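Colleague: The following file, data.cif, comprises mmCIF, C-alpha atoms:
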```
data_my_file
loop_
_atom_site.label_atom_id
_atom_site.label_comp_id
_atom_site.auth_asym_id
_atom_site.auth_seq_id
_atom_site.Cartn_x
_atom_site.Cartn_y
_atom_site.Cartn_z
CA MET A 1 9.98 19.53 28.77
CA ASP A 2 11.14 16.32 27.04
CA SER A 3 9.44 14.97 23.92
CA PHE A 4 7.63 12.16 25.77
CA LEU A 5 6.07 14.57 28.25
CA TYR A 6 5.17 16.94 25.42
CA SER A 7 3.43 14.09 23.60
CA VAL A 8 1.43 13.03 26.67
CA VAL A 9 0.40 16.56 27.68
CA PHE A 10 -0.63 17.75 24.23
CA PHE A 11 -2.28 14.43 23.35
CA ILE A 12 -4.54 14.76 26.40
CA LEU A 13 -5.10 18.47 25.69
CA ALA A 14 -5.98 17.95 22.02
CA LEU A 15 -8.16 14.91 22.58
CA GLY A 16 -9.87 16.52 25.57
CA VAL A 17 -10.75 19.64 23.58
CA LEU A 18 -12.01 17.66 20.57
CA ILE A 19 -14.08 15.28 22.70
CA ALA A 20 -15.51 18.23 24.65
CA ILE A 21 -16.50 19.95 21.40
CA HIS A 22 -18.08 16.77 20.01
CA GLU A 23 -20.10 16.11 23.15
CA TYR A 24 -21.03 19.78 23.48
CA GLY A 25 -22.67 19.50 20.06
CA HIS A 26 -24.98 16.79 21.40
CA PHE A 27 -25.45 18.69 24.69
CA TRP A 28 -26.27 22.07 23.15
CA VAL A 29 -28.81 20.77 20.62
CA ALA A 30 -30.45 18.48 23.21
CA ARG A 31 -30.94 21.44 25.55
CA LYS A 32 -32.25 23.62 22.71
CA MET A 33 -34.73 20.88 21.77
CA GLY A 34 -36.04 20.67 25.35
CA VAL A 35 -34.45 17.33 26.25
CA LYS A 36 -33.23 17.01 29.83
CA VAL A 37 -29.48 16.34 30.09
CA LEU A 38 -28.42 14.36 33.15
CA ARG A 39 -24.67 14.22 32.59
CA TYR A 40 -22.05 15.79 30.32
CA SER A 41 -18.87 13.72 30.63
CA ILE A 42 -15.41 14.16 29.14
CA GLY A 43 -13.78 10.74 29.42
CA PHE A 44 -14.97 7.43 30.79
CA GLY A 45 -14.56 5.62 34.08
CA ARG A 46 -14.05 7.06 37.54
CA PRO A 47 -14.80 10.82 37.78
CA LEU A 48 -11.75 12.94 38.57
CA TRP A 49 -13.82 16.11 38.83
CA LYS A 50 -17.57 16.64 39.06
CA LYS A 51 -19.85 19.63 39.40
CA VAL A 52 -23.64 19.74 39.57
CA LYS A 53 -25.30 22.92 38.38
CA GLY A 54 -28.34 24.36 36.66
CA GLU A 55 -32.08 23.97 37.08
CA ASP A 56 -31.88 20.36 35.84
CA GLN A 57 -29.00 19.57 38.24
CA THR A 58 -26.86 18.42 35.31
CA GLU A 59 -23.62 16.67 36.27
CA TYR A 60 -20.50 18.01 34.54
CA VAL A 61 -17.76 15.37 34.76
CA VAL A 62 -14.12 14.92 33.79
CA ALA A 63 -13.34 11.20 34.00
CA ALA A 64 -10.13 9.18 34.20
CA ILE A 65 -9.99 7.62 30.71
CA PRO A 66 -9.62 10.44 28.13
CA LEU A 67 -10.52 8.33 25.08
CA GLY A 68 -14.09 9.48 24.59
CA GLY A 69 -17.05 11.01 26.32
CA TYR A 70 -20.82 10.96 26.45
CA VAL A 71 -23.96 12.98 27.11
CA LYS A 72 -26.52 11.13 29.20
CA MET A 73 -30.09 12.27 28.58
CA LEU A 74 -33.36 11.46 30.26
CA ASP A 75 -34.58 8.22 28.62
CA GLU A 76 -37.26 5.70 29.59
CA ARG A 77 -35.21 2.88 28.13
CA GLU A 78 -32.55 3.41 30.80
CA GLU A 79 -34.52 4.31 33.91
CA PRO A 80 -38.04 5.23 35.04
CA VAL A 81 -39.11 8.78 34.16
CA ALA A 82 -41.52 10.84 36.25
CA PRO A 83 -44.81 11.51 34.42
CA HIS A 84 -44.31 15.29 34.50
CA GLU A 85 -40.95 14.91 32.69
CA LEU A 86 -41.97 12.42 29.99
CA HIS A 87 -42.07 15.21 27.39
CA ARG A 88 -38.37 15.86 28.10
CA ALA A 89 -37.23 12.24 27.59
CA PHE A 90 -35.04 11.60 24.54
CA ASN A 91 -36.99 8.52 23.45
CA ARG A 92 -40.22 10.58 23.37
CA GLN A 93 -38.84 13.09 20.87
CA SER A 94 -39.79 13.25 17.19
CA LEU A 95 -37.57 11.52 14.64
CA LYS A 96 -36.16 14.80 13.29
CA THR A 97 -35.31 15.97 16.84
CA ARG A 98 -33.42 12.76 17.61
CA ILE A 99 -31.58 12.98 14.30
CA ALA A 100 -30.58 16.59 15.03
CA ILE A 101 -29.26 15.71 18.51
CA VAL A 102 -27.25 12.70 17.30
CA ALA A 103 -25.83 14.46 14.23
CA ALA A 104 -24.80 17.51 16.28
CA GLY A 105 -21.67 15.83 17.65
CA PRO A 106 -19.96 15.17 14.30
CA VAL A 107 -21.19 18.54 12.99
CA ALA A 108 -19.47 20.23 15.94
CA ASN A 109 -16.21 18.50 14.96
CA PHE A 110 -16.51 19.77 11.39
CA LEU A 111 -17.26 23.29 12.63
CA PHE A 112 -14.17 23.17 14.85
CA ALA A 113 -12.05 22.08 11.87
CA ILE A 114 -13.41 25.00 9.82
CA ALA A 115 -12.57 27.41 12.65
CA ALA A 116 -9.07 25.95 13.07
CA TYR A 117 -8.29 26.14 9.34
CA TRP A 118 -9.71 29.68 9.22
CA ILE A 119 -7.39 30.83 12.01
CA MET A 120 -4.47 29.10 10.29
CA PHE A 121 -5.18 30.80 6.96
CA LEU A 122 -5.50 34.21 8.64
CA ILE A 123 -2.18 33.74 10.47
CA GLY A 124 -0.51 32.18 7.43
CA VAL A 125 0.49 28.56 6.97
CA PRO A 126 4.27 28.27 6.54
CA GLY A 127 5.69 25.59 4.31
CA LEU A 128 8.27 24.74 1.70
CA LYS A 129 7.82 25.68 -1.94
CA PRO A 130 7.30 22.63 -4.19
CA LEU A 131 10.67 23.06 -5.86
CA VAL A 132 11.99 20.01 -7.68
CA GLY A 133 15.41 18.62 -6.84
CA ASP A 134 16.70 15.47 -8.49
CA VAL A 135 14.05 13.58 -10.48
CA VAL A 136 14.26 9.79 -10.22
CA PRO A 137 15.00 8.42 -13.73
CA ASP A 138 12.03 6.69 -15.45
CA SER A 139 9.71 7.71 -12.61
CA ILE A 140 6.23 9.22 -13.03
CA PHE A 141 7.67 12.72 -12.60
CA ASP A 142 10.42 11.99 -15.11
CA ARG A 143 8.00 10.60 -17.73
CA ALA A 144 5.81 13.69 -17.28
CA GLY A 145 8.76 15.87 -18.31
CA VAL A 146 9.48 17.46 -14.93
CA VAL A 147 13.14 18.43 -14.52
CA ALA A 148 15.33 19.53 -11.63
CA GLY A 149 14.80 23.21 -10.82
CA ASP A 150 11.10 23.25 -11.77
CA GLU A 151 8.50 24.63 -9.34
CA VAL A 152 5.10 22.89 -9.30
CA VAL A 153 2.64 25.81 -9.26
CA SER A 154 -0.65 23.93 -9.67
CA VAL A 155 -2.16 20.43 -9.67
CA ARG A 156 -5.61 19.72 -11.16
CA GLY A 157 -6.06 23.43 -11.79
CA GLU A 158 -5.56 24.45 -8.15
CA GLY A 159 -2.58 26.43 -6.89
CA THR A 160 0.07 24.66 -4.84
CA PRO A 161 2.02 27.31 -2.91
CA THR A 162 3.51 24.69 -0.57
CA MET A 163 4.78 21.15 -0.88
CA GLU A 164 2.01 19.93 1.45
CA SER A 165 -0.73 21.43 -0.73
CA MET A 166 0.87 19.72 -3.74
CA ARG A 167 0.96 16.39 -1.90
CA ILE A 168 -2.75 16.59 -0.98
CA LYS A 169 -3.75 17.30 -4.59
CA ILE A 170 -1.63 14.41 -5.85
CA ILE A 171 -3.22 12.08 -3.28
CA GLU A 172 -6.66 13.09 -4.60
CA SER A 173 -5.55 12.24 -8.14
CA VAL A 174 -4.19 8.86 -6.99
CA LEU A 175 -7.53 8.04 -5.37
CA ASN A 176 -9.27 9.11 -8.60
CA ASN A 177 -6.90 6.85 -10.57
CA GLU A 178 -6.39 9.66 -13.07
CA VAL A 179 -3.88 11.53 -15.17
CA ALA A 180 -3.42 14.83 -13.34
CA GLN A 181 -2.67 18.05 -15.15
CA ILE A 182 0.10 19.97 -13.44
CA GLU A 183 1.78 23.26 -14.18
CA VAL A 184 5.46 23.89 -13.54
CA ARG A 185 7.42 27.11 -13.66
CA ARG A 186 10.79 26.69 -15.36
CA GLY A 187 13.05 29.66 -14.85
CA ALA A 188 11.44 32.96 -15.88
CA SER A 189 9.19 31.41 -18.53
CA GLU A 190 5.41 31.07 -18.37
CA PRO A 191 4.07 27.99 -16.50
CA LEU A 192 4.36 24.82 -18.56
CA SER A 193 1.43 22.33 -18.57
CA LEU A 194 2.38 18.67 -18.10
CA GLN A 195 0.49 15.40 -17.61
CA LEU A 196 1.24 13.37 -14.47
CA ASP A 197 0.03 9.82 -15.09
CA LEU A 198 -0.98 8.47 -11.68
CA THR A 199 -3.16 5.62 -12.95
CA GLY A 200 -0.51 3.07 -12.00
CA VAL A 201 -0.23 4.22 -8.39
CA SER A 202 -2.35 2.21 -5.97
CA ALA A 203 -4.14 3.70 -2.98
CA ASP A 204 -1.94 1.43 -0.88
CA GLN A 205 0.99 3.70 -1.72
CA VAL A 206 -0.67 6.85 -0.39
CA SER A 207 1.65 7.55 2.52
CA GLU A 208 4.35 9.91 3.65
CA ASN A 209 6.61 8.41 0.95
CA LEU A 210 4.18 9.02 -1.93
CA LEU A 211 6.16 11.88 -3.48
CA GLN A 212 9.36 9.86 -3.33
CA HIS A 213 7.56 6.90 -4.91
CA ILE A 214 6.50 8.94 -7.94
CA GLY A 215 9.99 10.36 -8.42
CA TYR A 216 9.85 13.74 -6.69
CA THR A 217 12.63 14.88 -4.39
CA PRO A 218 12.60 18.42 -3.01
CA GLU A 219 15.30 20.87 -3.98
CA ARG A 220 17.48 21.57 -0.97
CA PRO A 221 19.77 24.52 -0.29
CA ARG A 222 23.42 23.80 -0.86
CA ILE A 223 25.16 24.71 2.37
CA PRO A 224 28.93 25.14 1.94
CA ALA A 225 31.06 22.55 3.74
CA VAL A 226 32.51 25.15 6.12
CA ILE A 227 32.75 24.38 9.84
CA ASP A 228 31.13 26.85 12.23
CA THR A 229 31.32 25.25 15.69
CA LEU A 230 32.89 22.11 17.15
CA VAL A 231 31.91 20.10 20.24
CA GLU A 232 34.75 20.19 22.78
CA ASP A 233 35.10 16.42 23.15
CA GLY A 234 33.92 15.62 19.61
CA ALA A 235 35.96 13.61 17.13
CA GLY A 236 36.47 16.66 14.88
CA LYS A 237 37.87 18.86 17.64
CA LEU A 238 40.12 16.09 18.91
CA ALA A 239 41.46 15.52 15.37
CA GLY A 240 42.53 19.17 15.10
CA MET A 241 39.69 20.72 13.09
CA LYS A 242 38.90 24.41 13.69
CA ALA A 243 36.01 26.80 13.07
CA GLY A 244 36.29 28.29 9.58
CA ASP A 245 37.85 25.17 8.03
CA ARG A 246 36.43 24.31 4.59
CA VAL A 247 36.21 20.58 3.76
CA LEU A 248 37.64 20.00 0.30
CA SER A 249 37.61 16.21 0.09
CA VAL A 250 37.22 12.99 2.11
CA ASP A 251 39.27 9.91 1.28
CA GLY A 252 40.12 11.53 -2.05
CA THR A 253 36.49 12.28 -3.04
CA PRO A 254 35.76 16.00 -3.64
CA VAL A 255 33.13 17.49 -1.31
CA THR A 256 30.64 19.90 -2.91
CA ASP A 257 28.44 20.78 0.08
CA TRP A 258 27.73 20.07 3.74
CA SER A 259 25.04 17.42 3.13
CA GLN A 260 27.48 15.28 1.11
CA TRP A 261 30.13 15.63 3.82
CA ALA A 262 27.68 14.89 6.63
CA ALA A 263 26.28 11.81 4.83
CA TYR A 264 29.81 10.45 4.36
CA VAL A 265 30.55 10.86 8.08
CA ARG A 266 27.25 9.28 9.18
CA GLN A 267 27.97 6.16 7.15
CA ARG A 268 31.37 5.58 8.79
CA PRO A 269 31.11 5.27 12.58
CA GLU A 270 34.51 4.52 14.18
CA LYS A 271 36.19 4.27 10.75
CA LEU A 272 39.26 6.39 10.11
CA ILE A 273 38.72 8.85 7.25
CA GLU A 274 41.17 11.25 5.66
CA VAL A 275 39.90 14.81 5.38
CA LYS A 276 41.50 17.52 3.24
CA LEU A 277 40.80 21.00 4.60
CA GLU A 278 41.33 24.59 3.52
CA ARG A 279 42.34 26.84 6.41
CA GLY A 280 42.86 30.41 5.33
CA SER A 281 45.34 30.30 2.47
CA THR A 282 46.73 26.87 3.31
CA GLN A 283 45.55 23.30 2.85
CA LEU A 284 46.10 20.46 5.28
CA THR A 285 45.06 16.84 5.72
CA LEU A 286 43.75 15.34 8.96
CA SER A 287 42.60 11.88 9.98
CA VAL A 288 39.40 11.57 12.01
CA ALA A 289 37.34 8.61 13.26
CA PRO A 290 33.65 9.61 13.71
CA LYS A 291 32.23 8.59 17.05
CA ARG A 292 29.62 5.84 17.10
CA VAL A 293 26.17 7.19 18.01
CA GLU A 294 22.88 5.30 18.19
CA ILE A 295 19.72 7.25 17.30
CA ASP A 296 16.31 5.53 17.17
CA GLY A 297 17.99 2.17 16.74
CA ALA A 298 20.24 3.30 13.87
CA VAL A 299 24.02 3.52 14.31
CA ILE A 300 25.67 6.56 12.70
CA GLY A 301 28.99 8.36 12.80
CA ARG A 302 29.35 11.85 14.23
CA ILE A 303 32.31 14.25 14.55
CA GLY A 304 30.52 17.01 16.50
CA ALA A 305 30.59 19.84 13.98
CA THR A 306 27.99 22.32 12.70
CA PRO A 307 28.09 24.27 9.40
CA VAL A 308 28.22 27.98 8.68
CA ILE A 309 24.72 28.92 7.42
CA PRO A 310 24.91 31.75 4.85
CA GLU A 311 22.42 34.52 5.58
CA GLY A 312 19.17 34.27 3.58
CA ILE A 313 19.97 30.87 2.11
CA PHE A 314 16.57 29.41 3.09
CA GLU A 315 14.39 32.31 1.88
CA LYS A 316 14.11 30.90 -1.65
CA TYR A 317 12.55 27.70 -0.30
CA GLN A 318 10.02 29.16 2.13
CA ALA A 319 6.38 29.91 1.33
CA THR A 320 3.34 31.03 3.28
CA GLU A 321 -0.25 30.15 2.35
CA SER A 322 -2.54 32.90 3.66
CA PHE A 323 -5.94 34.48 2.93
CA GLY A 324 -8.10 37.41 3.89
CA VAL A 325 -11.03 37.13 6.31
CA PHE A 326 -13.71 36.17 3.77
CA SER A 327 -11.51 34.20 1.36
CA GLY A 328 -9.95 32.44 4.36
CA PHE A 329 -13.36 31.31 5.58
CA VAL A 330 -14.27 29.98 2.13
CA ALA A 331 -10.90 28.20 1.92
CA SER A 332 -11.36 26.69 5.40
CA VAL A 333 -14.79 25.28 4.47
CA GLN A 334 -13.33 23.86 1.24
CA LYS A 335 -10.36 22.41 3.13
CA THR A 336 -12.61 20.73 5.70
CA TRP A 337 -14.78 19.27 2.93
CA ASN A 338 -11.75 18.03 0.96
CA MET A 339 -10.17 16.41 4.03
CA SER A 340 -13.49 14.78 4.96
CA VAL A 341 -13.92 13.31 1.48
CA LEU A 342 -10.28 12.22 1.42
CA THR A 343 -10.64 10.47 4.81
CA LEU A 344 -13.84 8.73 3.72
CA ARG A 345 -12.32 7.57 0.44
CA MET A 346 -9.23 6.22 2.16
CA LEU A 347 -11.44 4.28 4.59
CA TRP A 348 -13.42 2.84 1.68
CA LYS A 349 -10.22 1.84 -0.13
CA MET A 350 -9.11 0.01 3.02
CA VAL A 351 -12.47 -1.75 3.32
CA ILE A 352 -12.32 -3.06 -0.28
CA GLY A 353 -8.64 -4.01 0.04
CA GLN A 354 -7.13 -1.36 -2.21
CA ALA A 355 -5.30 0.43 0.60
CA SER A 356 -3.29 -0.92 3.49
CA TRP A 357 -4.64 -0.97 7.05
CA ASP A 358 -1.14 0.16 8.03
CA ASN A 359 -2.40 3.72 7.37
CA ILE A 360 -4.46 3.60 10.58
CA SER A 361 -2.79 5.30 13.54
CA GLY A 362 -3.46 4.49 17.17
CA PRO A 363 -3.13 6.54 20.36
CA ILE A 364 0.67 6.20 20.50
CA SER A 365 1.19 7.65 17.01
CA ILE A 366 -1.43 10.35 17.57
CA ALA A 367 0.25 11.35 20.83
CA SER A 368 3.59 11.56 19.03
CA TYR A 369 2.11 13.77 16.29
CA ALA A 370 0.50 15.98 18.96
CA GLY A 371 3.81 16.52 20.74
CA GLN A 372 5.77 17.14 17.54
CA SER A 373 3.26 19.64 16.13
CA ALA A 374 2.98 21.51 19.45
CA GLN A 375 6.76 21.86 19.67
CA ILE A 376 6.87 23.39 16.17
CA GLY A 377 4.23 26.05 16.84
CA LEU A 378 0.59 27.11 16.97
CA VAL A 379 -0.21 26.68 13.27
CA PRO A 380 1.09 23.07 13.03
CA PHE A 381 -0.77 22.19 16.25
CA LEU A 382 -3.99 23.70 14.88
CA ALA A 383 -3.47 21.73 11.66
CA PHE A 384 -3.06 18.54 13.71
CA MET A 385 -6.22 19.25 15.71
CA ALA A 386 -8.19 20.10 12.56
CA ILE A 387 -7.39 16.83 10.81
CA VAL A 388 -8.07 14.78 13.96
CA SER A 389 -11.38 16.65 14.36
CA VAL A 390 -12.30 15.86 10.76
CA SER A 391 -11.38 12.20 11.35
CA LEU A 392 -13.56 12.08 14.48
CA GLY A 393 -16.45 13.62 12.58
CA VAL A 394 -16.15 11.21 9.66
CA LEU A 395 -15.63 8.12 11.82
CA ASN A 396 -18.61 8.97 14.04
CA LEU A 397 -20.86 9.23 10.98
CA LEU A 398 -20.00 5.73 9.77
CA PRO A 399 -23.07 3.42 9.91
CA VAL A 400 -21.61 1.35 12.73
CA PRO A 401 -23.84 0.60 15.74
CA VAL A 402 -22.70 2.35 18.98
CA LEU A 403 -21.38 5.27 16.86
CA ASP A 404 -23.50 8.31 16.01
CA GLY A 405 -23.73 7.05 12.43
CA GLY A 406 -25.16 3.77 13.71
CA HIS A 407 -27.95 5.60 15.52
CA LEU A 408 -28.63 7.67 12.41
CA MET A 409 -28.82 4.43 10.42
CA TYR A 410 -31.46 3.16 12.87
CA TYR A 411 -33.43 6.38 12.41
CA VAL A 412 -33.32 6.05 8.61
CA ILE A 413 -34.69 2.51 8.97
CA GLU A 414 -37.33 3.83 11.36
CA PHE A 415 -38.34 6.49 8.81
CA PHE A 416 -38.97 3.93 6.07
CA LYS A 417 -40.30 1.23 8.40
CA GLY A 418 -42.67 3.53 10.20
CA SER A 419 -41.58 2.31 13.63
CA PRO A 420 -38.32 1.89 15.59
CA LEU A 421 -36.23 -1.26 15.32
CA SER A 422 -36.88 -3.78 18.06
CA GLU A 423 -34.70 -3.63 21.15
CA GLU A 424 -33.37 -7.11 20.27
CA ALA A 425 -32.21 -5.90 16.84
CA GLN A 426 -30.59 -2.82 18.33
CA LEU A 427 -28.83 -4.89 21.00
CA ALA A 428 -27.49 -7.27 18.35
CA GLY A 429 -26.27 -4.28 16.35
CA GLN A 430 -24.49 -2.86 19.39
CA LYS A 431 -22.63 -6.14 19.90
CA ILE A 432 -21.51 -6.10 16.26
CA GLY A 433 -20.48 -2.44 16.60
CA ILE A 434 -18.43 -3.12 19.73
CA LEU A 435 -16.73 -6.02 17.95
CA LEU A 436 -15.89 -3.86 14.92
CA LEU A 437 -14.55 -1.00 17.06
CA GLY A 438 -12.54 -3.44 19.15
CA GLY A 439 -11.00 -4.87 15.98
CA LEU A 440 -10.22 -1.39 14.68
CA MET A 441 -8.56 -0.43 17.96
CA PHE A 442 -6.51 -3.65 17.88
CA VAL A 443 -5.27 -2.84 14.35
CA ALA A 444 -4.43 0.74 15.36
CA ILE A 445 -2.44 -0.31 18.44
CA PHE A 446 -0.75 -3.11 16.47
CA ASN A 447 0.35 -0.53 13.86
CA ASP A 448 1.66 1.74 16.63
CA ILE A 449 3.76 -1.06 18.10
CA ASN A 450 5.06 -2.00 14.65
CA ARG A 451 6.16 1.60 14.07
CA LEU A 452 7.91 1.69 17.44
CA ILE A 453 9.86 -1.53 16.92
CA GLY A 454 10.39 -0.83 13.22
#
```
Reformat the file's structure so that it appears as structure tokens.

Modeller:
Amino acid sequence: MDSFLYSVVFFILALGVLIAIHEYGHFWVARKMGVKVLRYSIGFGRPLWKKVKGEDQTEYVVAAIPLGGYVKMLDEREEPVAPHELHRAFNRQSLKTRIAIVAAGPVANFLFAIAAYWIMFLIGVPGLKPLVGDVVPDSIFDRAGVVAGDEVVSVRGEGTPTMESMRIKIIESVLNNEVAQIEVRRGASEPLSLQLDLTGVSADQVSENLLQHIGYTPERPRIPAVIDTLVEDGAGKLAGMKAGDRVLSVDGTPVTDWSQWAAYVRQRPEKLIEVKLERGSTQLTLSVAPKRVEIDGAVIGRIGATPVIPEGIFEKYQATESFGVFSGFVASVQKTWNMSVLTLRMLWKMVIGQASWDNISGPISIASYAGQSAQIGLVPFLAFMAIVSVSLGVLNLLPVPVLDGGHLMYYVIEFFKGSPLSEEAQLAGQKIGILLLGGLMFVAIFNDINRLIG
């Protein structure tokens, strides 16, 4: 299955599951509260599948547009209600009942995220240890005293077994505009406490390149520049290279490892380079012109060779974050809370202009992430679904009319006012909400297109 098909299939699967869970929250609580549910729909538009069942003859629908869903309840504001069913109409329910039904959707998303993180922590979340490679001179990491070879073992007093956990903690410190205390392990000595001054980093720089921006580069295994296999019609094979050859130098520059050799080749498509090799006990020099290859719009050179990977070379860099049943549940709740707060704070920073709207991803980017995570494995796909579920929960609680949070805002006003807002006021709010959501969707799709063409 190619990557595009993977993206489409797993995007629909992930979004369908998350929408179903969100709407089931509304559905389940409504039924428990005695409200009659007329339709439970996954998606909008023309029904692709429909089934009517139950005493209330509820319609269960899967519709054509998988970008949302809804639960339609008996309501006098939408259609006439028979006198004997008035007590089951949504609009006739008490304020606390309506609040419970509306809040149940986002709550279901948060519960799903907790369950997903719990499963992940029980299985074990693989990652890379936060080992430090080269430190950018005069960077934040450099000024803190971090040196190459260090391992970051904690940030803000919390352990960082993987690079991703370290990145999340640093993002929190950036949003707090604070000096973060970190601990690094240097050799066999006890952890050393250092101060990472993040007060000069703006929320606008919280992105995938944050660690690079503050001077951190991961330590990478040094793979020897020894050829393992060669493509039959590749430039290397045609130039006379053989499996087992060790690359000693290129154009007179000594080669220390495979990454240096590969980078040199990539930068020289169709340019003749002189390669000094060691073959057994002899040395020889060959000339090779890397073939021109275009990948994602970038032109690189390629000779069609793969390296010999020494056994166990990657074990030093691998880590697994795992918990027991109880501790895993506690960690999953904490993780869901932290990600919710982080999402909300990032949104606020964007609203007040301290973070870029470029951070918003649309359906194209989300589909790409879905496909990539699913190809890697179950745990990455669960992580993807958990963070999207958290995002759906947070976004739906925003006080924007037409969202669940907008309805909750109306109910808060009703509580203090003593009566519901007028239909005219609610209609005006819905128009504003639709305008805001339309603008947000435009920005998200615009960002997607920019990423594609960029």

Colleague: Report the residues retrieved by the PyMOL selection byres ((chain A and resi 150) around 9) from the displayed file, expressed as number ranges by chain.

Modeller: A: 130-133, 146-149, 151-152, 184-187

Colleague: Could you write out that same residue set with C-alpha atoms as a PDB file, in the frame of the given file?

Modeller:
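Output saved as result-v2.pdb:
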```pdb
ATOM      1  CA  PRO A 130       7.300  22.630  -4.190  1.00  0.00           C
ATOM      2  CA  LEU A 131      10.670  23.060  -5.860  1.00  0.00           C
ATOM      3  CA  VAL A 132      11.990  20.010  -7.680  1.00  0.00           C
ATOM      4  CA  GLY A 133      15.410  18.620  -6.840  1.00  0.00           C
ATOM      5  CA  VAL A 146       9.480  17.460 -14.930  1.00  0.00           C
ATOM      6  CA  VAL A 147      13.140  18.430 -14.520  1.00  0.00           C
ATOM      7  CA  ALA A 148      15.330  19.530 -11.630  1.00  0.00           C
ATOM      8  CA  GLY A 149      14.800  23.210 -10.820  1.00  0.00           C
ATOM      9  CA  GLU A 151       8.500  24.630  -9.340  1.00  0.00           C
ATOM     10  CA  VAL A 152       5.100  22.890  -9.300  1.00  0.00           C
ATOM     11  CA  VAL A 184       5.460  23.890 -13.540  1.00  0.00           C
ATOM     12  CA  ARG A 185       7.420  27.110 -13.660  1.00  0.00           C
ATOM     13  CA  ARG A 186      10.790  26.690 -15.360  1.00  0.00           C
ATOM     14  CA  GLY A 187      13.050  29.660 -14.850  1.00  0.00           C
TER      15      GLY A 187
END
```

Colleague: With distances taken over all atoms listed in the file, which of A:Asn109, A:Ser327, A:Gln375, A:Ser259 is nearest to Ser391 of chain A?

Modeller: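 Using all atoms listed in the file, the shortest distance to Ser391 of chain A belongs to A:Asn109.
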
Colleague: Between A:Ile364, A:Arg92, A:Ile303, A:Leu122, which one has atoms that come closest to Val288 of chain A, using only C-alpha atoms?

Modeller: A:Ile303

Colleague: Measuring atom to atom with only C-alpha atoms, identify which of A:Ala14, A:Met33, A:Leu48, A:Leu175 is nearest to Gln354 of chain A.

Modeller: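 The answer is A:Leu175, which sits nearest to Gln354 of chain A.
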
Colleague: Leaving out segment 93-105 of chain A and any residue of its chain fewer than 2 positions from it, which residues lie within 8 Å of it when counting only C-alpha atoms, given as an MDAnalysis selection string?

Modeller: chainID A and resid 21:27 29:30 33 87:91 107:109 393 397 404:405 407:408 411 415
